[in-house]
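Heads up, upload15.cif below (mmCIF, C-alpha atoms):
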```
data_coords
loop_
_atom_site.label_atom_id
_atom_site.label_comp_id
_atom_site.auth_asym_id
_atom_site.auth_seq_id
_atom_site.Cartn_x
_atom_site.Cartn_y
_atom_site.Cartn_z
CA MET A 1 13.55 14.52 5.63
CA VAL A 2 10.08 14.91 4.11
CA ARG A 3 10.17 16.74 0.80
CA ASP A 4 8.05 19.89 0.57
CA SER A 5 6.04 18.51 -2.37
CA LEU A 6 5.08 15.41 -0.34
CA TRP A 7 4.31 17.33 2.85
CA GLU A 8 2.10 19.81 0.96
CA ARG A 9 -0.12 16.89 -0.09
CA ILE A 10 -0.23 15.16 3.31
CA GLU A 11 -0.49 18.06 5.75
CA PRO A 12 -4.05 19.19 4.80
CA LEU A 13 -5.27 15.61 5.32
CA LEU A 14 -3.98 15.20 8.87
CA PRO A 15 -6.58 15.51 11.65
CA LYS A 16 -6.32 18.72 13.66
CA VAL A 17 -5.92 18.26 17.42
CA GLU A 18 -6.65 21.33 19.52
CA ARG A 19 -4.49 21.84 22.56
CA ARG A 20 -6.34 21.77 25.87
CA THR A 21 -6.79 25.09 27.66
CA HIS A 22 -6.56 23.58 31.16
CA HIS A 23 -3.62 21.30 31.92
CA PRO A 24 -2.31 21.37 28.34
CA GLY A 25 0.74 19.27 29.20
CA ARG A 26 3.75 18.97 26.94
CA LYS A 27 3.48 20.67 23.57
CA ARG A 28 2.47 18.28 20.78
CA LEU A 29 5.30 17.37 18.40
CA GLU A 30 4.94 18.79 14.90
CA GLY A 31 3.33 16.43 12.40
CA ARG A 32 6.14 16.84 9.89
CA LYS A 33 8.77 15.70 12.40
CA VAL A 34 6.64 12.71 13.36
CA LEU A 35 6.18 11.80 9.69
CA CYS A 36 9.96 11.95 9.27
CA GLY A 37 10.30 9.42 12.10
CA ILE A 38 7.66 7.13 10.59
CA LEU A 39 9.37 7.24 7.19
CA PHE A 40 12.74 6.58 8.85
CA VAL A 41 11.34 3.37 10.36
CA LEU A 42 9.67 2.43 7.05
CA HIS A 43 12.86 2.92 5.04
CA THR A 44 15.39 1.40 7.45
CA GLY A 45 13.32 -1.22 9.27
CA ILE A 46 14.73 -0.04 12.61
CA ALA A 47 12.83 -0.94 15.79
CA TRP A 48 10.68 1.82 17.23
CA GLU A 49 12.60 1.92 20.51
CA PHE A 50 15.88 2.53 18.65
CA LEU A 51 14.60 5.52 16.67
CA PRO A 52 17.34 8.19 17.10
CA GLN A 53 15.72 11.10 18.96
CA GLU A 54 18.72 13.33 18.27
CA LEU A 55 17.45 13.64 14.70
CA GLY A 56 14.36 15.46 16.01
CA PHE A 57 11.82 12.70 15.34
CA GLY A 58 10.61 12.44 18.91
CA SER A 59 10.36 9.09 20.68
CA GLY A 60 9.55 5.88 18.87
CA MET A 61 6.37 5.51 20.93
CA THR A 62 5.21 8.97 19.87
CA CYS A 63 5.69 8.09 16.20
CA TRP A 64 4.00 4.70 16.70
CA ARG A 65 0.95 6.26 18.33
CA ARG A 66 0.65 8.92 15.65
CA LEU A 67 0.93 6.26 12.89
CA ARG A 68 -1.85 4.28 14.59
CA ASP A 69 -4.09 7.32 15.05
CA TRP A 70 -3.57 8.57 11.50
CA HIS A 71 -4.30 5.14 10.07
CA GLU A 72 -7.52 4.87 12.09
CA ALA A 73 -8.50 8.30 10.73
CA GLY A 74 -7.97 7.04 7.17
CA VAL A 75 -5.11 9.46 6.52
CA TRP A 76 -3.02 7.21 4.29
CA ASP A 77 -5.85 6.27 1.93
CA ARG A 78 -6.55 9.92 1.14
CA PRO A 79 -3.05 10.97 -0.03
CA HIS A 80 -2.93 7.82 -2.14
CA GLN A 81 -6.19 8.83 -3.84
CA VAL A 82 -5.05 12.45 -4.24
CA LEU A 83 -1.84 11.32 -5.92
CA LEU A 84 -3.75 8.95 -8.22
CA ILE A 85 -5.93 11.89 -9.27
CA GLU A 86 -2.85 13.98 -10.07
CA LEU A 87 -1.30 11.12 -12.03
CA HIS A 88 -4.55 10.64 -13.96
CA ALA A 89 -4.75 14.36 -14.75
CA ALA A 90 -1.16 14.24 -16.03
CA GLY A 91 -1.95 11.27 -18.27
CA LYS A 92 0.37 8.95 -16.33
CA LEU A 93 -2.14 6.20 -15.54
CA ASP A 94 -2.72 3.36 -18.00
CA TRP A 95 -6.34 2.23 -17.63
CA SER A 96 -6.16 -0.08 -20.63
CA ARG A 97 -5.15 -2.90 -18.27
CA ALA A 98 -4.59 -3.66 -14.61
CA VAL A 99 -2.33 -6.37 -13.21
CA ILE A 100 -2.70 -8.24 -9.92
CA ASP A 101 -0.33 -10.42 -7.90
CA GLY A 102 0.61 -11.33 -4.34
CA SER A 103 3.85 -11.83 -2.45
CA HIS A 104 4.60 -13.72 0.77
CA VAL A 105 6.54 -12.18 3.67
CA TRP A 106 7.52 -13.67 7.01
CA ALA A 107 5.46 -12.65 10.05
CA LEU A 108 7.92 -13.55 12.78
CA LYS A 109 5.65 -12.49 15.65
CA GLY A 110 2.39 -13.77 14.21
CA GLY A 111 -0.76 -11.80 14.89
CA PRO A 112 -3.99 -11.17 12.96
CA LYS A 113 -3.82 -11.68 9.18
CA SER A 114 -0.96 -14.16 9.45
CA GLY A 115 -0.92 -17.90 8.95
CA PRO A 116 1.17 -20.92 7.92
CA SER A 117 2.51 -20.49 4.42
CA PRO A 118 1.92 -23.48 2.13
CA VAL A 119 4.97 -22.51 0.05
CA ASP A 120 7.44 -21.92 2.92
CA ARG A 121 7.33 -25.04 5.10
CA ALA A 122 4.32 -23.73 7.04
CA ARG A 123 6.25 -20.81 8.50
CA THR A 124 4.04 -18.06 9.84
CA GLY A 125 3.67 -15.37 7.22
CA SER A 126 1.46 -12.78 5.58
CA LYS A 127 0.75 -11.83 2.00
CA HIS A 128 0.91 -8.46 0.29
CA HIS A 129 -1.65 -8.26 -2.52
CA VAL A 130 -1.16 -5.53 -5.11
CA LEU A 131 -3.26 -4.26 -8.02
CA THR A 132 -1.49 -1.90 -10.44
CA ASP A 133 -2.29 -0.10 -13.66
CA GLY A 134 -0.51 -0.91 -16.90
CA HIS A 135 2.53 1.15 -15.88
CA GLY A 136 2.87 -0.49 -12.45
CA THR A 137 1.37 2.33 -10.39
CA PRO A 138 -0.31 0.78 -7.31
CA LEU A 139 -4.07 1.28 -7.44
CA ALA A 140 -4.90 -0.80 -4.35
CA VAL A 141 -3.06 -2.95 -1.79
CA SER A 142 -4.19 -5.37 0.92
CA LEU A 143 -2.82 -7.66 3.62
CA THR A 144 -3.90 -11.24 4.38
CA GLY A 145 -2.59 -14.32 6.11
CA GLY A 146 0.08 -16.38 4.37
CA ASN A 147 -2.35 -19.29 3.97
CA ARG A 148 -4.93 -17.28 2.01
CA ASN A 149 -5.26 -17.99 -1.69
CA ASP A 150 -4.36 -15.11 -4.01
CA VAL A 151 -7.70 -15.28 -5.79
CA SER A 152 -9.53 -14.45 -2.54
CA GLN A 153 -8.33 -10.84 -2.90
CA LEU A 154 -9.22 -10.42 -6.55
CA MET A 155 -12.63 -8.79 -6.07
CA PRO A 156 -11.75 -6.89 -2.84
CA LEU A 157 -8.82 -5.21 -4.62
CA LEU A 158 -10.94 -4.26 -7.63
CA ASP A 159 -13.56 -2.84 -5.24
CA ALA A 160 -10.86 -0.95 -3.31
CA VAL A 161 -9.78 1.14 -6.33
CA PRO A 162 -10.97 4.67 -5.47
CA PRO A 163 -12.84 6.85 -7.99
CA VAL A 164 -10.08 8.77 -9.78
CA ARG A 165 -11.01 12.17 -11.15
CA GLY A 166 -8.71 14.55 -12.99
CA ARG A 167 -10.06 14.45 -16.54
CA VAL A 168 -13.25 15.31 -18.38
CA GLY A 169 -15.97 12.77 -17.78
CA ARG A 170 -16.91 10.48 -14.93
CA PRO A 171 -14.26 9.43 -12.38
CA ARG A 172 -12.36 6.35 -13.51
CA ARG A 173 -12.04 3.27 -11.31
CA ARG A 174 -12.26 0.32 -13.73
CA PRO A 175 -9.51 -0.82 -16.12
CA ASP A 176 -10.40 -2.27 -19.51
CA HIS A 177 -8.58 -5.58 -18.94
CA LEU A 178 -7.31 -7.51 -15.91
CA LEU A 179 -4.15 -9.61 -16.21
CA ALA A 180 -3.31 -12.35 -13.72
CA ASP A 181 -1.29 -15.56 -13.44
CA ARG A 182 -2.55 -19.13 -12.93
CA GLY A 183 -3.13 -18.54 -9.22
CA TYR A 184 -6.27 -16.62 -10.18
CA ASP A 185 -7.59 -19.24 -12.61
CA HIS A 186 -11.22 -19.81 -11.61
CA ASP A 187 -14.29 -19.45 -13.84
CA LYS A 188 -16.37 -18.04 -10.97
CA TYR A 189 -14.04 -15.05 -10.65
CA ARG A 190 -13.85 -14.62 -14.41
CA ARG A 191 -17.63 -14.15 -14.40
CA LEU A 192 -17.43 -11.69 -11.50
CA VAL A 193 -14.77 -9.66 -13.30
CA TRP A 194 -16.83 -9.67 -16.51
CA ALA A 195 -19.82 -8.44 -14.49
CA LYS A 196 -17.82 -5.34 -13.59
CA GLY A 197 -17.26 -4.55 -17.25
CA ILE A 198 -13.61 -5.70 -17.16
CA LYS A 199 -12.22 -8.31 -19.55
CA PRO A 200 -10.21 -10.95 -17.59
CA LEU A 201 -6.99 -12.21 -19.16
CA ILE A 202 -5.99 -14.97 -16.74
CA ALA A 203 -3.59 -17.80 -17.56
CA ARG A 204 -5.14 -21.27 -17.23
CA ARG A 205 -3.76 -24.13 -15.18
CA GLY A 206 -2.66 -27.25 -16.99
CA THR A 207 -1.61 -25.38 -20.12
CA PRO A 208 1.99 -24.93 -21.29
CA HIS A 209 3.78 -21.76 -20.27
CA GLY A 210 4.06 -19.08 -22.88
CA SER A 211 0.68 -17.39 -22.61
CA GLY A 212 2.37 -14.09 -23.46
CA LEU A 213 0.93 -12.32 -20.41
CA GLY A 214 4.36 -12.06 -18.80
CA VAL A 215 5.27 -9.27 -21.22
CA HIS A 216 2.68 -7.11 -19.47
CA ARG A 217 2.53 -8.73 -16.02
CA TYR A 218 6.11 -7.89 -15.02
CA VAL A 219 5.01 -4.40 -13.92
CA VAL A 220 3.23 -5.72 -10.82
CA GLU A 221 6.28 -7.80 -9.86
CA ARG A 222 8.40 -4.66 -10.20
CA THR A 223 5.98 -2.74 -7.97
CA ILE A 224 6.10 -5.48 -5.32
CA ALA A 225 9.90 -5.23 -5.45
CA LEU A 226 9.60 -1.46 -4.93
CA LEU A 227 7.34 -2.03 -1.92
CA HIS A 228 9.83 -4.46 -0.43
CA TRP A 229 12.60 -1.94 -1.03
CA PHE A 230 11.14 -0.41 2.14
CA ARG A 231 12.85 -2.64 4.68
CA ARG A 232 9.97 -2.52 7.15
CA LEU A 233 7.83 -4.38 4.61
CA ARG A 234 10.30 -7.18 3.81
CA ILE A 235 9.49 -8.89 7.11
CA ARG A 236 6.35 -8.26 9.12
CA TRP A 237 7.55 -7.35 12.61
CA GLU A 238 4.24 -5.92 13.81
CA ILE A 239 1.81 -8.11 15.75
CA ARG A 240 -0.98 -5.62 15.03
CA ASP A 241 -2.11 -5.97 11.46
CA ASP A 242 -3.36 -2.36 11.26
CA ILE A 243 0.14 -1.01 11.86
CA HIS A 244 1.59 -3.12 9.04
CA GLU A 245 -1.30 -2.12 6.77
CA ALA A 246 -0.53 1.53 7.55
CA PHE A 247 3.07 1.02 6.41
CA LEU A 248 1.88 -0.80 3.28
CA THR A 249 -0.56 1.95 2.28
CA LEU A 250 1.96 4.69 3.04
CA ALA A 251 4.58 2.95 0.88
CA ALA A 252 2.08 2.72 -2.01
CA ALA A 253 1.39 6.46 -1.72
CA ILE A 254 5.12 7.24 -1.77
CA ILE A 255 5.57 5.17 -4.96
CA CYS A 256 2.76 7.18 -6.57
CA TRP A 257 4.36 10.46 -5.43
CA ARG A 258 7.73 9.45 -6.89
CA ARG A 259 6.13 8.63 -10.24
CA LEU A 260 4.43 12.01 -10.21
CA VAL A 261 7.47 14.17 -9.41
CA ARG A 262 9.80 12.28 -11.73
#
```

Please lay out the structure from this file as structure tokens.
Amino acid sequence: MVRDSLWERIEPLLPKVERRTHHPGRKRLEGRKVLCGILFVLHTGIAWEFLPQELGFGSGMTCWRRLRDWHEAGVWDRPHQVLLIELHAAGKLDWSRAVIDGSHVWALKGGPKSGPSPVDRARTGSKHHVLTDGHGTPLAVSLTGGNRNDVSQLMPLLDAVPPVRGRVGRPRRRPDHLLADRGYDHDKYRRLVWAKGIKPLIARRGTPHGSGLGVHRYVVERTIALLHWFRRLRIRWEIRDDIHEAFLTLAAAIICWRRLVR
């Protein structure tokens, strides 16, 4: 069941498909029912072919195709940005700092953006990279192979933060500080972050633990746990990377919506 408050934000962003006058074929399933089916798969992790049609979702292939088409049309990025704007207008975004981290998941069927994990006996896997604000609200997410270093996504994630309006002044897209663990310790990237007007606070390798950043960094670990609460994201079952990225972006938007309504 898709809540009215969530559907009201997503429906205007869906591409309109006009029905053909000649040979129209079967009537197109309503977008809200299809979205219910997509969310059912995201929440439960069920295979597409086992999606229960008696619940009114339509076939699993219908939902899969619509998820693919909507992702290609950039549908999921737009509700995420809209929700960030609403959170910013409500004063629920903490721009004083941003926190970044990555998490490994198995990719049992392989595919693009997967690779042997150096921390899991070279099993094929992927990584979810997440950038959050100081409260743990996801600002940007990305998917890479399991053999990619976390620091490789530092600048792409900062660049992926959309311009967030909602208050007087210019749209906001840069935090004041960036917090990261030792996996991001590299002077080259410190300089790149400084060049964006952001102060990097990154723990250094070879120093004793107890930098004090963990007091603030836990929010990104909590957000990653919330993302993996969606069972479809705990293990990557999709060979196509764009389908898994669609699930990842949709889950980030849902987390933002929950923070807004609660």

Inset, instruction - Please measure the separation of CA of Arg167 (chain A) and CA of Ile85 (chain A), giving the value in Å to one decimal. - result: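 Computing it gives 8.7 Å between the two atoms.
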
Inset, instruction - Report the distance between CA of Pro112 (chain A) and CA of Asp241 (chain A) in Å, rounded to one decimal place. - result: 5.7 Å

Inset, instruction - Name the residues, using the chain letters and numbers of the file, that sit within 6 Å of (-2.4, 7.1, 2.7) when counting all atoms listed in the file, and give them as a ChimeraX atom specification. - result: /A:75-80,249-250,253

Inset, instruction - Measuring atom to atom with only C-alpha atoms, identify which of A:Arg32, A:Arg148, A:Arg258, A:Arg234 is nearest to Val105 (chain A). - result: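 Closest to Val105 (chain A), using only C-alpha atoms: A:Arg234.
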
Legend entry - Point-to-point distance in Å for CA of Asp242 (chain A) and CA of Gly115 (chain A):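 Interatomic distance here is 15.9 Å.
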
Inset, instruction - Please evaluate the PyMOL selection byres ((chain A and resi 88) around 10) against the structure above and give the resulting residues as a ChimeraX atom specification. - result: /A:82-87,89-95,164-167,171-172,260

Legend entry - Contacts of Leu179 (chain A) within 8 Å, all atoms listed in the file, excl. fewer than 2 positions in-chain, as a PyMOL selection string: chain A and resi 97-100+177+181+200-202+213+216-217

Under the PyMOL selection byres ((chain A and resi 129) around 9), which residues of this model are included? Write them out as a PDB file with C-alpha atoms, in the frame of the given file.
```pdb
ATOM      1  CA  ILE A 100      -2.700  -8.240  -9.920  1.00  0.00           C
ATOM      2  CA  ASP A 101      -0.330 -10.420  -7.900  1.00  0.00           C
ATOM      3  CA  GLY A 102       0.610 -11.330  -4.340  1.00  0.00           C
ATOM      4  CA  SER A 103       3.850 -11.830  -2.450  1.00  0.00           C
ATOM      5  CA  HIS A 104       4.600 -13.720   0.770  1.00  0.00           C
ATOM      6  CA  LYS A 127       0.750 -11.830   2.000  1.00  0.00           C
ATOM      7  CA  HIS A 128       0.910  -8.460   0.290  1.00  0.00           C
ATOM      8  CA  VAL A 130      -1.160  -5.530  -5.110  1.00  0.00           C
ATOM      9  CA  LEU A 131      -3.260  -4.260  -8.020  1.00  0.00           C
ATOM     10  CA  ALA A 140      -4.900  -0.800  -4.350  1.00  0.00           C
ATOM     11  CA  VAL A 141      -3.060  -2.950  -1.790  1.00  0.00           C
ATOM     12  CA  SER A 142      -4.190  -5.370   0.920  1.00  0.00           C
ATOM     13  CA  LEU A 143      -2.820  -7.660   3.620  1.00  0.00           C
ATOM     14  CA  THR A 144      -3.900 -11.240   4.380  1.00  0.00           C
ATOM     15  CA  ASP A 150      -4.360 -15.110  -4.010  1.00  0.00           C
ATOM     16  CA  GLN A 153      -8.330 -10.840  -2.900  1.00  0.00           C
ATOM     17  CA  LEU A 154      -9.220 -10.420  -6.550  1.00  0.00           C
ATOM     18  CA  LEU A 157      -8.820  -5.210  -4.620  1.00  0.00           C
ATOM     19  CA  ILE A 224       6.100  -5.480  -5.320  1.00  0.00           C
TER      20      ILE A 224
END
```

Using only the atoms of region 59-67 of chain A listed in the file, plus 8 Å on each side, state the axis-aligned box centre and edge lengths in Å rounded to one decimal, as JSON.
```
{"center_x": 5.5, "center_y": 6.9, "center_z": 16.9, "size_x": 25.7, "size_y": 20.4, "size_z": 24.0}
```

Legend entry - Contacts of Arg236 (chain A) at 10 Å (only C-alpha atoms; same-chain gap of 5+ positions) as an NGL selection string: :A and (45 or 105-111 or 114 or 125-127 or 231 or 241 or 243-244)

Saved selection, atoms kept: C-alpha atoms, as a CSV table (one decimal), in the coordinates of the input:
```csv
chain,number,residue,atom,x,y,z
A,45,GLY,CA,13.3,-1.2,9.3
A,105,VAL,CA,6.5,-12.2,3.7
A,106,TRP,CA,7.5,-13.7,7.0
A,107,ALA,CA,5.5,-12.6,10.0
A,108,LEU,CA,7.9,-13.6,12.8
A,109,LYS,CA,5.6,-12.5,15.6
A,110,GLY,CA,2.4,-13.8,14.2
A,111,GLY,CA,-0.8,-11.8,14.9
A,114,SER,CA,-1.0,-14.2,9.4
A,125,GLY,CA,3.7,-15.4,7.2
A,126,SER,CA,1.5,-12.8,5.6
A,127,LYS,CA,0.8,-11.8,2.0
A,231,ARG,CA,12.8,-2.6,4.7
A,241,ASP,CA,-2.1,-6.0,11.5
A,243,ILE,CA,0.1,-1.0,11.9
A,244,HIS,CA,1.6,-3.1,9.0
```

Inset, instruction - Return the single residue from A:Val193, A:Asp185, A:Pro52, A:Leu29 that is closest to Pro156 (chain A), with distances computed using all atoms listed in the file. - result: A:Val193

Legend entry - Neighbour list for His186 (chain A) as number ranges by chain, cut-off 10 Å, only C-alpha atoms, skip fewer than 2 positions in-chain: A: 151, 182-184, 188-191, 202-205

Convert the current residue selection to file output with C-alpha atoms, as a PDB file, in the coordinates of the input.
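Output below, filename out.pdb:
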```pdb
ATOM      1  CA  VAL A 151      -7.700 -15.280  -5.790  1.00  0.00           C
ATOM      2  CA  ARG A 182      -2.550 -19.130 -12.930  1.00  0.00           C
ATOM      3  CA  GLY A 183      -3.130 -18.540  -9.220  1.00  0.00           C
ATOM      4  CA  TYR A 184      -6.270 -16.620 -10.180  1.00  0.00           C
ATOM      5  CA  LYS A 188     -16.370 -18.040 -10.970  1.00  0.00           C
ATOM      6  CA  TYR A 189     -14.040 -15.050 -10.650  1.00  0.00           C
ATOM      7  CA  ARG A 190     -13.850 -14.620 -14.410  1.00  0.00           C
ATOM      8  CA  ARG A 191     -17.630 -14.150 -14.400  1.00  0.00           C
ATOM      9  CA  ILE A 202      -5.990 -14.970 -16.740  1.00  0.00           C
ATOM     10  CA  ALA A 203      -3.590 -17.800 -17.560  1.00  0.00           C
ATOM     11  CA  ARG A 204      -5.140 -21.270 -17.230  1.00  0.00           C
ATOM     12  CA  ARG A 205      -3.760 -24.130 -15.180  1.00  0.00           C
TER      13      ARG A 205
END
```

Inset, instruction - Determine the nearest neighbour of Ala73 (chain A) from the options A:Arg123, A:Arg3, A:Lys16, A:Lys33, counting only C-alpha atoms. - result: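 Once distances to Ala73 (chain A) are computed over only C-alpha atoms, the minimum belongs to A:Lys16.
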
Just want the 8 Å neighbourhood of Trp64 (chain A), counted on only C-alpha atoms, with same-chain residues fewer than 4 positions away dropped. Output as a CSV table (one decimal) with C-alpha atoms, keeping the file's coordinate frame.
```
chain,number,residue,atom,x,y,z
A,38,ILE,CA,7.7,7.1,10.6
A,48,TRP,CA,10.7,1.8,17.2
A,60,GLY,CA,9.6,5.9,18.9
A,68,ARG,CA,-1.8,4.3,14.6
```

Inset, instruction - Could you tell me which of A:Pro15, A:Gly206, A:Pro175, A:Pro116 comes closest to Arg66 (chain A) if we count only C-alpha atoms? - result: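 Of A:Pro15, A:Gly206, A:Pro175, A:Pro116, the one nearest Arg66 (chain A) is A:Pro15, counting only C-alpha atoms.
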
Legend entry - Pick from A:Asn147, A:Gly31, A:Trp7, A:Ser96, whichever lies nearest to Lys113 (chain A) using all atoms listed in the file: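 When distances to Lys113 (chain A) are compared using all atoms listed in the file, the smallest one comes from A:Asn147.
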
Legend entry - Spatial sel., origin (12.4, 10.3, 5.5), limit 6 Å, all atoms listed in the file, listed as number ranges by chain: A: 1-2, 36, 39-40

Inset, instruction - Using only C-alpha atoms, find the one residue out of A:Ser59, A:Thr132, A:Gln53, A:Asn149 that sits nearest to Pro118 (chain A). - result: A:Asn149

Atoms are missing here; could region 171-188 of chain A be completed with N, CA, C and O atoms and written as a CSV table (one decimal), in the frame of the given file?
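Below is the file that was written, selection.csv:
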```
chain,number,residue,atom,x,y,z
A,171,PRO,N,-15.5,10.0,-13.0
A,171,PRO,CA,-14.3,9.4,-12.4
A,171,PRO,C,-14.0,8.0,-12.8
A,171,PRO,O,-14.9,7.2,-13.0
A,172,ARG,N,-12.7,7.7,-13.0
A,172,ARG,CA,-12.4,6.4,-13.5
A,172,ARG,C,-12.0,5.4,-12.3
A,172,ARG,O,-11.2,5.9,-11.4
A,173,ARG,N,-12.5,4.2,-12.3
A,173,ARG,CA,-12.0,3.3,-11.3
A,173,ARG,C,-12.0,1.8,-11.8
A,173,ARG,O,-11.7,0.9,-11.1
A,174,ARG,N,-12.3,1.7,-13.1
A,174,ARG,CA,-12.3,0.3,-13.7
A,174,ARG,C,-11.3,0.3,-14.9
A,174,ARG,O,-11.4,1.1,-15.8
A,175,PRO,N,-10.4,-0.7,-14.9
A,175,PRO,CA,-9.5,-0.8,-16.1
A,175,PRO,C,-10.3,-1.6,-17.2
A,175,PRO,O,-11.4,-2.1,-17.0
A,176,ASP,N,-9.7,-1.6,-18.4
A,176,ASP,CA,-10.4,-2.3,-19.5
A,176,ASP,C,-10.2,-3.8,-19.4
A,176,ASP,O,-11.0,-4.6,-19.7
A,177,HIS,N,-8.9,-4.2,-19.0
A,177,HIS,CA,-8.6,-5.6,-18.9
A,177,HIS,C,-7.9,-5.8,-17.6
A,177,HIS,O,-7.4,-4.9,-17.0
A,178,LEU,N,-8.0,-7.1,-17.1
A,178,LEU,CA,-7.3,-7.5,-15.9
A,178,LEU,C,-6.4,-8.7,-16.2
A,178,LEU,O,-6.9,-9.7,-16.7
A,179,LEU,N,-5.1,-8.5,-15.9
A,179,LEU,CA,-4.2,-9.6,-16.2
A,179,LEU,C,-3.8,-10.3,-14.9
A,179,LEU,O,-3.5,-9.6,-13.9
A,180,ALA,N,-3.7,-11.6,-14.9
A,180,ALA,CA,-3.3,-12.4,-13.7
A,180,ALA,C,-2.7,-13.7,-14.1
A,180,ALA,O,-2.9,-14.2,-15.2
A,181,ASP,N,-1.9,-14.3,-13.2
A,181,ASP,CA,-1.3,-15.6,-13.4
A,181,ASP,C,-2.2,-16.7,-13.1
A,181,ASP,O,-3.4,-16.5,-12.8
A,182,ARG,N,-1.7,-17.9,-13.1
A,182,ARG,CA,-2.6,-19.1,-12.9
A,182,ARG,C,-3.1,-19.2,-11.5
A,182,ARG,O,-4.1,-20.0,-11.3
A,183,GLY,N,-2.6,-18.5,-10.6
A,183,GLY,CA,-3.1,-18.5,-9.2
A,183,GLY,C,-4.5,-18.0,-9.1
A,183,GLY,O,-5.2,-18.2,-8.2
A,184,TYR,N,-4.9,-17.2,-10.2
A,184,TYR,CA,-6.3,-16.6,-10.2
A,184,TYR,C,-7.2,-17.3,-11.2
A,184,TYR,O,-8.3,-16.8,-11.5
A,185,ASP,N,-6.8,-18.5,-11.6
A,185,ASP,CA,-7.6,-19.2,-12.6
A,185,ASP,C,-8.8,-19.9,-12.0
A,185,ASP,O,-8.7,-20.9,-11.3
A,186,HIS,N,-10.0,-19.3,-12.1
A,186,HIS,CA,-11.2,-19.8,-11.6
A,186,HIS,C,-12.4,-19.2,-12.4
A,186,HIS,O,-12.5,-17.9,-12.5
A,187,ASP,N,-13.2,-20.0,-13.0
A,187,ASP,CA,-14.3,-19.4,-13.8
A,187,ASP,C,-15.3,-18.6,-13.1
A,187,ASP,O,-15.8,-17.6,-13.6
A,188,LYS,N,-15.5,-18.9,-11.8
A,188,LYS,CA,-16.4,-18.0,-11.0
A,188,LYS,C,-15.9,-16.6,-10.9
A,188,LYS,O,-16.7,-15.6,-11.1
```
